[in-house]
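These notes are about the structure you will find just below.
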Amino acid sequence: MRRPAANVTMASNAAVRGFATIGVVLTGMGHGATRGAGLIRAAGGYVIAEAEATCIVYGMPRSVIEAGHAHAVVPLHEIAAAIVERCQLPARAAS
């Protein structure tokens with residue numbers, strides 16, 4: 001039996017790391033990261049979703065974006081740079 005873990009993983013990170021969390025939602029089906037992304041955002045963390053143009057399956061990123069949890073929507077080839085850019089912000093500015 002398959003058991004999706006994106007929400008559990010994101011919720012755990014949001015609870016432990018709070019504003020220092022960066023959640024990244026890539027191609028995938030369903031709503032498997034929506035609740036977790038919302039918890040990251042509520043904790044002051046940052047959420048990046050893959051843009052539709054580079055997704056094989058746009059379900060998970062779309063769900064996160066439509067719920068208003070994504071801070072940034074970027075194509076797959078720009079996600080690493082978006083993470084690095086976010087990590088370079090001073091802690092106070094990132095929160």
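Just so we're on the same page: first chain in the structure tokens is A, next is B, and so on; residues restart at 1 for each chain, and ligands are numbered from 1 in the order they show up.
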Contact residues around Val24 in chain A with only C-alpha atoms at 10 Å, ignoring same-chain residues under 3 positions, as a list in words: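 The residues satisfying every condition are Met10, Thr21, Ala33, Ala37, Tyr46, Val47, Ile48, Ala49, Glu50, Pro61, Ala70, Ala72, Val73, Ile79, Ala80 and Ile83 of chain A.
Each of A:His69, A:Arg62, A:Arg86, A:His77 was compared to Arg35 in chain A using only C-alpha atoms, and A:His69 turns out to be the nearest.
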What does the structure give for the distance between CA of Ala42 in chain A and CA of Ile56 in chain A, in Å to one decimal?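 Those two atoms sit 28.1 Å apart.
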Return as a list in words the full set of residues in range 66-95 of chain A whose backbone-based DSSP assignment is helix (DSSP H, G or I).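 For range 66-95 of chain A, the helix (DSSP H, G or I) set is Glu66, Leu76, His77, Glu78, Ile79, Ala80, Ala81, Ala82, Ile83, Val84, Glu85, Arg86, Cys87, Ala91, Arg92, Ala93 and Ala94 of chain A.
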Write to file, as a PDB file, in the first residue's frame, the residues of the selection just made, with N, CA and C atoms.
```pdb
ATOM      1  N   GLU A  66      -3.240  27.243  -5.770  1.00  0.00           N
ATOM      2  CA  GLU A  66      -4.641  27.666  -5.657  1.00  0.00           C
ATOM      3  C   GLU A  66      -5.057  27.904  -4.209  1.00  0.00           C
ATOM      4  N   LEU A  76      11.099  24.266 -13.193  1.00  0.00           N
ATOM      5  CA  LEU A  76      11.996  23.297 -12.571  1.00  0.00           C
ATOM      6  C   LEU A  76      13.459  23.729 -12.612  1.00  0.00           C
ATOM      7  N   HIS A  77      13.910  24.228 -13.758  1.00  0.00           N
ATOM      8  CA  HIS A  77      15.326  24.576 -13.899  1.00  0.00           C
ATOM      9  C   HIS A  77      15.739  25.811 -13.088  1.00  0.00           C
ATOM     10  N   GLU A  78      14.787  26.501 -12.463  1.00  0.00           N
ATOM     11  CA  GLU A  78      15.105  27.671 -11.641  1.00  0.00           C
ATOM     12  C   GLU A  78      14.908  27.433 -10.144  1.00  0.00           C
ATOM     13  N   ILE A  79      14.453  26.244  -9.781  1.00  0.00           N
ATOM     14  CA  ILE A  79      14.140  25.983  -8.372  1.00  0.00           C
ATOM     15  C   ILE A  79      15.391  26.010  -7.497  1.00  0.00           C
ATOM     16  N   ALA A  80      16.478  25.409  -7.939  1.00  0.00           N
ATOM     17  CA  ALA A  80      17.706  25.420  -7.129  1.00  0.00           C
ATOM     18  C   ALA A  80      18.160  26.854  -6.849  1.00  0.00           C
ATOM     19  N   ALA A  81      18.119  27.699  -7.863  1.00  0.00           N
ATOM     20  CA  ALA A  81      18.519  29.100  -7.676  1.00  0.00           C
ATOM     21  C   ALA A  81      17.575  29.815  -6.714  1.00  0.00           C
ATOM     22  N   ALA A  82      16.286  29.498  -6.775  1.00  0.00           N
ATOM     23  CA  ALA A  82      15.317  30.115  -5.862  1.00  0.00           C
ATOM     24  C   ALA A  82      15.592  29.701  -4.422  1.00  0.00           C
ATOM     25  N   ILE A  83      15.981  28.453  -4.220  1.00  0.00           N
ATOM     26  CA  ILE A  83      16.321  27.982  -2.881  1.00  0.00           C
ATOM     27  C   ILE A  83      17.577  28.687  -2.373  1.00  0.00           C
ATOM     28  N   VAL A  84      18.598  28.746  -3.199  1.00  0.00           N
ATOM     29  CA  VAL A  84      19.849  29.404  -2.814  1.00  0.00           C
ATOM     30  C   VAL A  84      19.594  30.876  -2.491  1.00  0.00           C
ATOM     31  N   GLU A  85      18.818  31.541  -3.320  1.00  0.00           N
ATOM     32  CA  GLU A  85      18.502  32.961  -3.095  1.00  0.00           C
ATOM     33  C   GLU A  85      17.808  33.147  -1.750  1.00  0.00           C
ATOM     34  N   ARG A  86      16.865  32.287  -1.447  1.00  0.00           N
ATOM     35  CA  ARG A  86      16.143  32.382  -0.176  1.00  0.00           C
ATOM     36  C   ARG A  86      17.074  32.128   1.009  1.00  0.00           C
ATOM     37  N   CYS A  87      17.972  31.192   0.869  1.00  0.00           N
ATOM     38  CA  CYS A  87      18.913  30.859   1.949  1.00  0.00           C
ATOM     39  C   CYS A  87      19.906  31.985   2.223  1.00  0.00           C
ATOM     40  N   ALA A  91      18.415  36.098   8.396  1.00  0.00           N
ATOM     41  CA  ALA A  91      17.311  35.420   9.108  1.00  0.00           C
ATOM     42  C   ALA A  91      16.143  36.347   9.391  1.00  0.00           C
ATOM     43  N   ARG A  92      16.399  37.560   9.789  1.00  0.00           N
ATOM     44  CA  ARG A  92      15.335  38.503  10.118  1.00  0.00           C
ATOM     45  C   ARG A  92      14.532  38.873   8.875  1.00  0.00           C
ATOM     46  N   ALA A  93      15.203  39.082   7.737  1.00  0.00           N
ATOM     47  CA  ALA A  93      14.509  39.435   6.508  1.00  0.00           C
ATOM     48  C   ALA A  93      13.716  38.255   5.972  1.00  0.00           C
ATOM     49  N   ALA A  94      14.185  37.033   6.191  1.00  0.00           N
ATOM     50  CA  ALA A  94      13.506  35.845   5.691  1.00  0.00           C
ATOM     51  C   ALA A  94      12.200  35.601   6.429  1.00  0.00           C
TER      52      ALA A  94
END
```
Using only C-alpha atoms for the distances, tell me which of A:Phe19, A:Ala5, A:Ala53, A:His71 is nearest to Ile40 in chain A.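 Selected residue with least distance to Ile40 in chain A: A:Phe19.
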From A:Ala20, A:Ala67, A:Leu89, A:Val74, residue lying nearest Glu52 in chain A [only C-alpha atoms]: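 Ranked by minimum distance to Glu52 in chain A, first place goes to A:Val74.
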Could you tell me how far CA of Thr27 in chain A lies from CA of Ile65 in chain A, in Å and to one decimal?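 Answer for the CA of Thr27 in chain A to CA of Ile65 in chain A separation: 12.5 Å.
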Residue contacts of Leu39 in chain A (7 Å, only C-alpha atoms) excluding same-chain residues fewer than 4 positions away, as an MDAnalysis selection string: chainID A and resid 11 14 35 43
Residues from last step as file, N, CA and C atoms, as a PDB file, in the first residue's frame:
```pdb
ATOM      1  N   ALA A  11       4.732  19.086   7.597  1.00  0.00           N
ATOM      2  CA  ALA A  11       4.203  19.465   8.908  1.00  0.00           C
ATOM      3  C   ALA A  11       5.275  19.329   9.984  1.00  0.00           C
ATOM      4  N   ALA A  14       7.796  22.159   9.575  1.00  0.00           N
ATOM      5  CA  ALA A  14       7.208  23.435   9.999  1.00  0.00           C
ATOM      6  C   ALA A  14       7.186  23.531  11.520  1.00  0.00           C
ATOM      7  N   ARG A  35      -1.779  20.710   2.621  1.00  0.00           N
ATOM      8  CA  ARG A  35      -1.868  21.001   4.058  1.00  0.00           C
ATOM      9  C   ARG A  35      -0.488  21.313   4.626  1.00  0.00           C
ATOM     10  N   ALA A  43       3.842  28.917   9.662  1.00  0.00           N
ATOM     11  CA  ALA A  43       4.956  28.956  10.612  1.00  0.00           C
ATOM     12  C   ALA A  43       5.995  30.017  10.242  1.00  0.00           C
TER      13      ALA A  43
END
```
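You will find CA of Gly59 in chain A at 24.1 Å from CA of Gly44 in chain A.
For the choices A:Gln88, A:Pro75, A:Thr9, A:Ala51, the atom-to-atom distance to Thr34 in chain A is smallest for A:Thr9 when using only C-alpha atoms.
Every residue of range 30-61 of chain A found in strand (DSSP E or B) when DSSP is run on the backbone appears here: Tyr46, Val47, Ile48, Ala49 and Glu50 of chain A.
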Limited to N, CA and C atoms, could you put the picked residues into a file as a PDB file, in the first residue's frame?
```
ATOM      1  N   TYR A  46       8.837  29.322   3.924  1.00  0.00           N
ATOM      2  CA  TYR A  46       8.747  29.765   2.533  1.00  0.00           C
ATOM      3  C   TYR A  46       8.406  28.568   1.659  1.00  0.00           C
ATOM      4  N   VAL A  47       7.487  28.745   0.721  1.00  0.00           N
ATOM      5  CA  VAL A  47       7.040  27.647  -0.130  1.00  0.00           C
ATOM      6  C   VAL A  47       7.262  27.990  -1.597  1.00  0.00           C
ATOM      7  N   ILE A  48       7.918  27.085  -2.293  1.00  0.00           N
ATOM      8  CA  ILE A  48       8.169  27.215  -3.723  1.00  0.00           C
ATOM      9  C   ILE A  48       7.399  26.100  -4.423  1.00  0.00           C
ATOM     10  N   ALA A  49       6.663  26.449  -5.468  1.00  0.00           N
ATOM     11  CA  ALA A  49       5.936  25.448  -6.257  1.00  0.00           C
ATOM     12  C   ALA A  49       6.459  25.458  -7.685  1.00  0.00           C
ATOM     13  N   GLU A  50       6.523  24.275  -8.272  1.00  0.00           N
ATOM     14  CA  GLU A  50       6.964  24.161  -9.664  1.00  0.00           C
ATOM     15  C   GLU A  50       5.905  24.732 -10.597  1.00  0.00           C
TER      16      GLU A  50
END
```
Could you tell me which of A:Gly45, A:Gly68, A:Ser12, A:Tyr58 comes closest to Leu26 in chain A if we count only C-alpha atoms? A:Tyr58
